[in-house]
Amino acid sequence: PQKTAGKFTDLESVSWAEEAINTLAKYDVINGKSENIFAPNDYIKREEFAQLIVKSFNIPSGTQELKFEDVPKDAWYYDSLKKAFSNGIINGMSETKFGTGEFITRQDMAVMLYRAAAAAGVEILVVDAEKTVNDSADISEYAADAVAELVKAGIINGDQNRNFNPKNNATRAQAAVMIYNLLYK
C-alpha cells in the first residue's frame, strides 16, 4: 500500500532532503523510526544502507553464501546482504567481516550506490564532466572512481565548501538524497 507523502514531522532541519525522503517513503523504499519520525540526522548503519540499495534497485536474489561472521543467518538484513554480495555491490571490511552495526562512511555509501547502479543496469549520466570536490585527495583509492562519477553526474554534491567529507559518517537524510538523485531525478 502506498503511504501518504509528508507524514514525517521531523524534517525541518533537512529541507534539502524532504522531497527525497518523502518520495522514497511513498514507494516503500525507506521507513521512519516510527510513523511520524524519520530521524534524518541520525547516522545510517552499513546493513541499513545495503538494504535500502537492494530495495531501491530491486536487486535480484543472491546465490552466493555470505562468509561474514558478523552477519547471523536470522538477521533482518541477511537476505539483503546476500543479494548485495552476490551482485557485487558489497565486499565487506575484510574477508570475514561486513561491519554490521557500524555507521557507513560517505565514501562507502558512494561505492555501494555506484555498484548497485551497475548491477541493476542503471546508467549514470554525466552532467558536468569538470565537476569535482575540493577534498578529492582525502578519498580512499577504492572509492575514488565511484565518487568522481557520482559527482560528475550531480548525484553527490559536496557541502557548502564543496567538500565531500569521504570518511565522515553518512546520515539517513544524505542516504535518501543520494538514492533519490540517482533513481528519481
# chains A, B, ... in the order shown; residues from 1 in each chain; ligands from 1
call {"tool": "closest_atom_pairs", "arguments": {"of": "segment 52-149 of chain A", "to": "segment 21-29 of chain A", "cutoff": "10 Å", "atoms": "only C-alpha atoms", "output": "tab-separated table"}}
result
residue	atom	partner	partner_atom	distance
A:Leu52	CA	A:Val29	CA	6.4
A:Ile53	CA	A:Val29	CA	8.7
A:Val54	CA	A:Val29	CA	9.2
A:Lys55	CA	A:Val29	CA	5.9
A:Ser56	CA	A:Val29	CA	5.9
A:Phe57	CA	A:Val29	CA	9.6
A:Asn58	CA	A:Val29	CA	9.9
call {"tool": "write_last_selection", "arguments": {"atoms": "all heavy atoms", "output": "PDB file, in the first residue's frame"}}
result
ATOM      1  N   LEU A  52      18.594  -0.599   1.865  1.00  0.00           N
ATOM      2  CA  LEU A  52      17.999   0.477   1.064  1.00  0.00           C
ATOM      3  C   LEU A  52      18.367   0.322  -0.412  1.00  0.00           C
ATOM      4  O   LEU A  52      17.519   0.479  -1.293  1.00  0.00           O
ATOM      5  CB  LEU A  52      18.514   1.840   1.527  1.00  0.00           C
ATOM      6  CG  LEU A  52      17.806   2.554   2.642  1.00  0.00           C
ATOM      7  CD1 LEU A  52      18.429   3.925   2.850  1.00  0.00           C
ATOM      8  CD2 LEU A  52      16.330   2.683   2.356  1.00  0.00           C
ATOM      9  N   ILE A  53      19.615   0.022  -0.665  1.00  0.00           N
ATOM     10  CA  ILE A  53      20.108  -0.144  -2.037  1.00  0.00           C
ATOM     11  C   ILE A  53      19.395  -1.315  -2.718  1.00  0.00           C
ATOM     12  O   ILE A  53      18.943  -1.211  -3.852  1.00  0.00           O
ATOM     13  CB  ILE A  53      21.639  -0.389  -2.017  1.00  0.00           C
ATOM     14  CG1 ILE A  53      22.367   0.880  -1.638  1.00  0.00           C
ATOM     15  CG2 ILE A  53      22.139  -0.927  -3.330  1.00  0.00           C
ATOM     16  CD1 ILE A  53      22.412   1.920  -2.708  1.00  0.00           C
ATOM     17  N   VAL A  54      19.320  -2.430  -2.029  1.00  0.00           N
ATOM     18  CA  VAL A  54      18.690  -3.627  -2.598  1.00  0.00           C
ATOM     19  C   VAL A  54      17.226  -3.359  -2.931  1.00  0.00           C
ATOM     20  O   VAL A  54      16.746  -3.717  -4.011  1.00  0.00           O
ATOM     21  CB  VAL A  54      18.853  -4.829  -1.631  1.00  0.00           C
ATOM     22  CG1 VAL A  54      17.933  -5.977  -2.001  1.00  0.00           C
ATOM     23  CG2 VAL A  54      20.308  -5.291  -1.624  1.00  0.00           C
ATOM     24  N   LYS A  55      16.528  -2.679  -2.019  1.00  0.00           N
ATOM     25  CA  LYS A  55      15.113  -2.354  -2.266  1.00  0.00           C
ATOM     26  C   LYS A  55      14.967  -1.323  -3.383  1.00  0.00           C
ATOM     27  O   LYS A  55      14.107  -1.452  -4.249  1.00  0.00           O
ATOM     28  CB  LYS A  55      14.456  -1.817  -0.986  1.00  0.00           C
ATOM     29  CG  LYS A  55      14.153  -2.889   0.035  1.00  0.00           C
ATOM     30  CD  LYS A  55      13.655  -2.308   1.345  1.00  0.00           C
ATOM     31  CE  LYS A  55      12.200  -1.973   1.313  1.00  0.00           C
ATOM     32  NZ  LYS A  55      11.685  -1.576   2.641  1.00  0.00           N
ATOM     33  N   SER A  56      15.818  -0.296  -3.375  1.00  0.00           N
ATOM     34  CA  SER A  56      15.731   0.788  -4.354  1.00  0.00           C
ATOM     35  C   SER A  56      15.945   0.300  -5.781  1.00  0.00           C
ATOM     36  O   SER A  56      15.253   0.718  -6.702  1.00  0.00           O
ATOM     37  CB  SER A  56      16.768   1.871  -4.062  1.00  0.00           C
ATOM     38  OG  SER A  56      16.565   2.421  -2.799  1.00  0.00           O
ATOM     39  N   PHE A  57      16.932  -0.563  -5.952  1.00  0.00           N
ATOM     40  CA  PHE A  57      17.312  -1.014  -7.287  1.00  0.00           C
ATOM     41  C   PHE A  57      16.685  -2.356  -7.660  1.00  0.00           C
ATOM     42  O   PHE A  57      16.958  -2.890  -8.728  1.00  0.00           O
ATOM     43  CB  PHE A  57      18.837  -1.119  -7.394  1.00  0.00           C
ATOM     44  CG  PHE A  57      19.527   0.213  -7.441  1.00  0.00           C
ATOM     45  CD1 PHE A  57      19.901   0.855  -6.275  1.00  0.00           C
ATOM     46  CD2 PHE A  57      19.811   0.830  -8.646  1.00  0.00           C
ATOM     47  CE1 PHE A  57      20.547   2.084  -6.309  1.00  0.00           C
ATOM     48  CE2 PHE A  57      20.445   2.055  -8.697  1.00  0.00           C
ATOM     49  CZ  PHE A  57      20.811   2.683  -7.525  1.00  0.00           C
ATOM     50  N   ASN A  58      15.875  -2.901  -6.737  1.00  0.00           N
ATOM     51  CA  ASN A  58      15.231  -4.186  -6.986  1.00  0.00           C
ATOM     52  C   ASN A  58      16.263  -5.251  -7.384  1.00  0.00           C
ATOM     53  O   ASN A  58      16.126  -5.932  -8.403  1.00  0.00           O
ATOM     54  CB  ASN A  58      14.151  -4.024  -8.063  1.00  0.00           C
ATOM     55  CG  ASN A  58      13.081  -5.078  -7.938  1.00  0.00           C
ATOM     56  OD1 ASN A  58      13.010  -5.789  -6.936  1.00  0.00           O
ATOM     57  ND2 ASN A  58      12.244  -5.189  -8.946  1.00  0.00           N
TER      58      ASN A  58
END
call {"tool": "select_by_dssp", "arguments": {"residues": "chain A", "states": "strand (DSSP E or B)", "output": "list of chain:residue names"}}
result
A:Tyr43, A:Lys45, A:Phe103, A:Thr105, A:Asn169, A:Thr171
call {"tool": "residues_around", "arguments": {"residues": "Gly158 of chain A", "least_positions_apart": "6", "cutoff": "9 Å", "atoms": "only C-alpha atoms", "output": "CSV table (one decimal) with N, CA, C and O atoms, in the first residue's frame"}}
result
chain,number,residue,atom,x,y,z
A,132,THR,N,34.2,18.6,-9.6
A,132,THR,CA,34.9,17.8,-8.7
A,132,THR,C,34.6,18.3,-7.3
A,132,THR,O,33.9,19.3,-7.1
A,133,VAL,N,35.1,17.7,-6.3
A,133,VAL,CA,35.0,18.2,-4.9
A,133,VAL,C,36.4,18.6,-4.5
A,133,VAL,O,37.4,18.1,-5.0
A,134,ASN,N,36.5,19.5,-3.5
A,134,ASN,CA,37.8,20.1,-3.1
A,134,ASN,C,38.7,19.1,-2.4
A,134,ASN,O,39.9,19.2,-2.4
A,151,VAL,N,29.8,12.5,-8.6
A,151,VAL,CA,29.9,13.9,-8.5
A,151,VAL,C,29.6,14.5,-9.9
A,151,VAL,O,28.8,15.4,-10.1
A,164,PHE,N,33.5,16.8,0.0
A,164,PHE,CA,32.7,15.6,0.1
A,164,PHE,C,32.8,14.9,1.5
A,164,PHE,O,31.8,14.3,1.9
A,165,ASN,N,33.8,15.1,2.2
A,165,ASN,CA,34.0,14.6,3.6
A,165,ASN,C,33.8,13.0,3.5
A,165,ASN,O,32.9,12.5,4.2
call {"tool": "residues_around", "arguments": {"residues": "Phe68 of chain A", "least_positions_apart": "5", "cutoff": "12 Å", "atoms": "only C-alpha atoms", "output": "PyMOL selection string"}}
result
chain A and resi 73+78+81-82+85+90-100
call {"tool": "write_last_selection", "arguments": {"atoms": "C-alpha atoms", "output": "PDB file, in the first residue's frame"}}
result
ATOM      1  CA  LYS A  73      21.528 -16.054   9.174  1.00  0.00           C
ATOM      2  CA  TYR A  78      20.580 -11.214   5.888  1.00  0.00           C
ATOM      3  CA  LEU A  81      23.223  -8.531   2.234  1.00  0.00           C
ATOM      4  CA  LYS A  82      23.185 -11.850   0.381  1.00  0.00           C
ATOM      5  CA  PHE A  85      27.102  -9.588  -2.039  1.00  0.00           C
ATOM      6  CA  ILE A  90      29.307  -5.168  -1.192  1.00  0.00           C
ATOM      7  CA  ASN A  91      32.598  -6.785  -0.266  1.00  0.00           C
ATOM      8  CA  GLY A  92      32.798  -6.234   3.452  1.00  0.00           C
ATOM      9  CA  MET A  93      35.515  -4.643   5.535  1.00  0.00           C
ATOM     10  CA  SER A  94      37.522  -7.872   5.347  1.00  0.00           C
ATOM     11  CA  GLU A  95      37.017 -11.411   4.073  1.00  0.00           C
ATOM     12  CA  THR A  96      35.088 -12.372   7.211  1.00  0.00           C
ATOM     13  CA  LYS A  97      33.675  -9.063   8.486  1.00  0.00           C
ATOM     14  CA  PHE A  98      30.932  -6.991   6.893  1.00  0.00           C
ATOM     15  CA  GLY A  99      30.925  -4.309   9.571  1.00  0.00           C
ATOM     16  CA  THR A 100      27.444  -4.954  10.910  1.00  0.00           C
TER      17      THR A 100
END
call {"tool": "closest_residue", "arguments": {"among": "A:Lys83, A:Lys167, A:Arg172, A:Arg106", "to": "Glu48 of chain A", "atoms": "only C-alpha atoms"}}
result
A:Arg172
call {"tool": "atom_distance", "arguments": {"atom1": "atom CA of Leu183 of chain A", "atom2": "atom CA of Ala119 of chain A"}}
result
13.7 Å
call {"tool": "residues_around", "arguments": {"residues": "Ser140 of chain A", "least_positions_apart": "2", "cutoff": "9 Å", "atoms": "only C-alpha atoms", "output": "CSV table (one decimal) with all heavy atoms, in the first residue's frame"}}
result
chain,number,residue,atom,x,y,z
A,107,GLN,N,32.0,7.7,1.7
A,107,GLN,CA,32.7,7.1,0.5
A,107,GLN,C,32.2,5.7,0.3
A,107,GLN,O,32.0,5.2,-0.8
A,107,GLN,CB,34.2,7.2,0.6
A,107,GLN,CG,34.9,6.4,1.7
A,107,GLN,CD,36.4,6.6,1.7
A,107,GLN,OE1,36.9,7.3,0.9
A,107,GLN,NE2,37.0,5.9,2.6
A,136,SER,N,39.1,15.8,-2.8
A,136,SER,CA,39.2,14.5,-3.5
A,136,SER,C,40.5,13.7,-3.1
A,136,SER,O,40.5,12.5,-3.1
A,136,SER,CB,39.1,14.7,-5.0
A,136,SER,OG,40.1,15.6,-5.4
A,137,ALA,N,41.5,14.4,-2.6
A,137,ALA,CA,42.7,13.8,-2.2
A,137,ALA,C,42.5,12.9,-0.9
A,137,ALA,O,43.2,12.0,-0.6
A,137,ALA,CB,43.8,14.8,-1.9
A,138,ASP,N,41.4,13.2,-0.2
A,138,ASP,CA,41.1,12.5,1.0
A,138,ASP,C,40.3,11.2,0.8
A,138,ASP,O,40.0,10.4,1.7
A,138,ASP,CB,40.3,13.4,2.0
A,138,ASP,CG,41.0,14.6,2.5
A,138,ASP,OD1,42.3,14.6,2.4
A,138,ASP,OD2,40.4,15.6,2.9
A,142,TYR,N,40.0,3.0,-3.4
A,142,TYR,CA,38.9,2.1,-3.8
A,142,TYR,C,37.6,2.8,-4.1
A,142,TYR,O,36.8,2.3,-4.8
A,142,TYR,CB,38.7,0.9,-2.8
A,142,TYR,CG,38.0,1.4,-1.5
A,142,TYR,CD1,36.6,1.5,-1.4
A,142,TYR,CD2,38.8,1.8,-0.4
A,142,TYR,CE1,36.0,1.9,-0.2
A,142,TYR,CE2,38.2,2.2,0.8
A,142,TYR,CZ,36.8,2.3,0.9
A,142,TYR,OH,36.2,2.7,2.0
A,143,ALA,N,37.5,4.0,-3.5
A,143,ALA,CA,36.2,4.8,-3.7
A,143,ALA,C,36.3,5.9,-4.7
A,143,ALA,O,35.3,6.5,-5.1
A,143,ALA,CB,35.8,5.3,-2.3
A,144,ALA,N,37.5,6.2,-5.1
A,144,ALA,CA,37.8,7.4,-5.9
A,144,ALA,C,37.0,7.5,-7.2
A,144,ALA,O,36.4,8.5,-7.5
A,144,ALA,CB,39.3,7.6,-6.2
A,166,PRO,N,34.7,12.4,2.7
A,166,PRO,CA,34.5,10.9,2.4
A,166,PRO,C,34.5,10.0,3.6
A,166,PRO,O,33.8,9.0,3.6
A,166,PRO,CB,35.7,10.6,1.5
A,166,PRO,CG,36.7,11.7,1.8
A,166,PRO,CD,35.9,12.9,2.2
A,167,LYS,N,35.3,10.4,4.7
A,167,LYS,CA,35.4,9.4,5.8
A,167,LYS,C,34.4,9.8,6.9
A,167,LYS,O,34.3,9.1,8.0
A,167,LYS,CB,36.8,9.4,6.3
A,167,LYS,CG,37.7,8.8,5.2
A,167,LYS,CD,39.2,8.8,5.7
A,167,LYS,CE,40.0,8.0,4.6
A,167,LYS,NZ,40.3,8.8,3.4
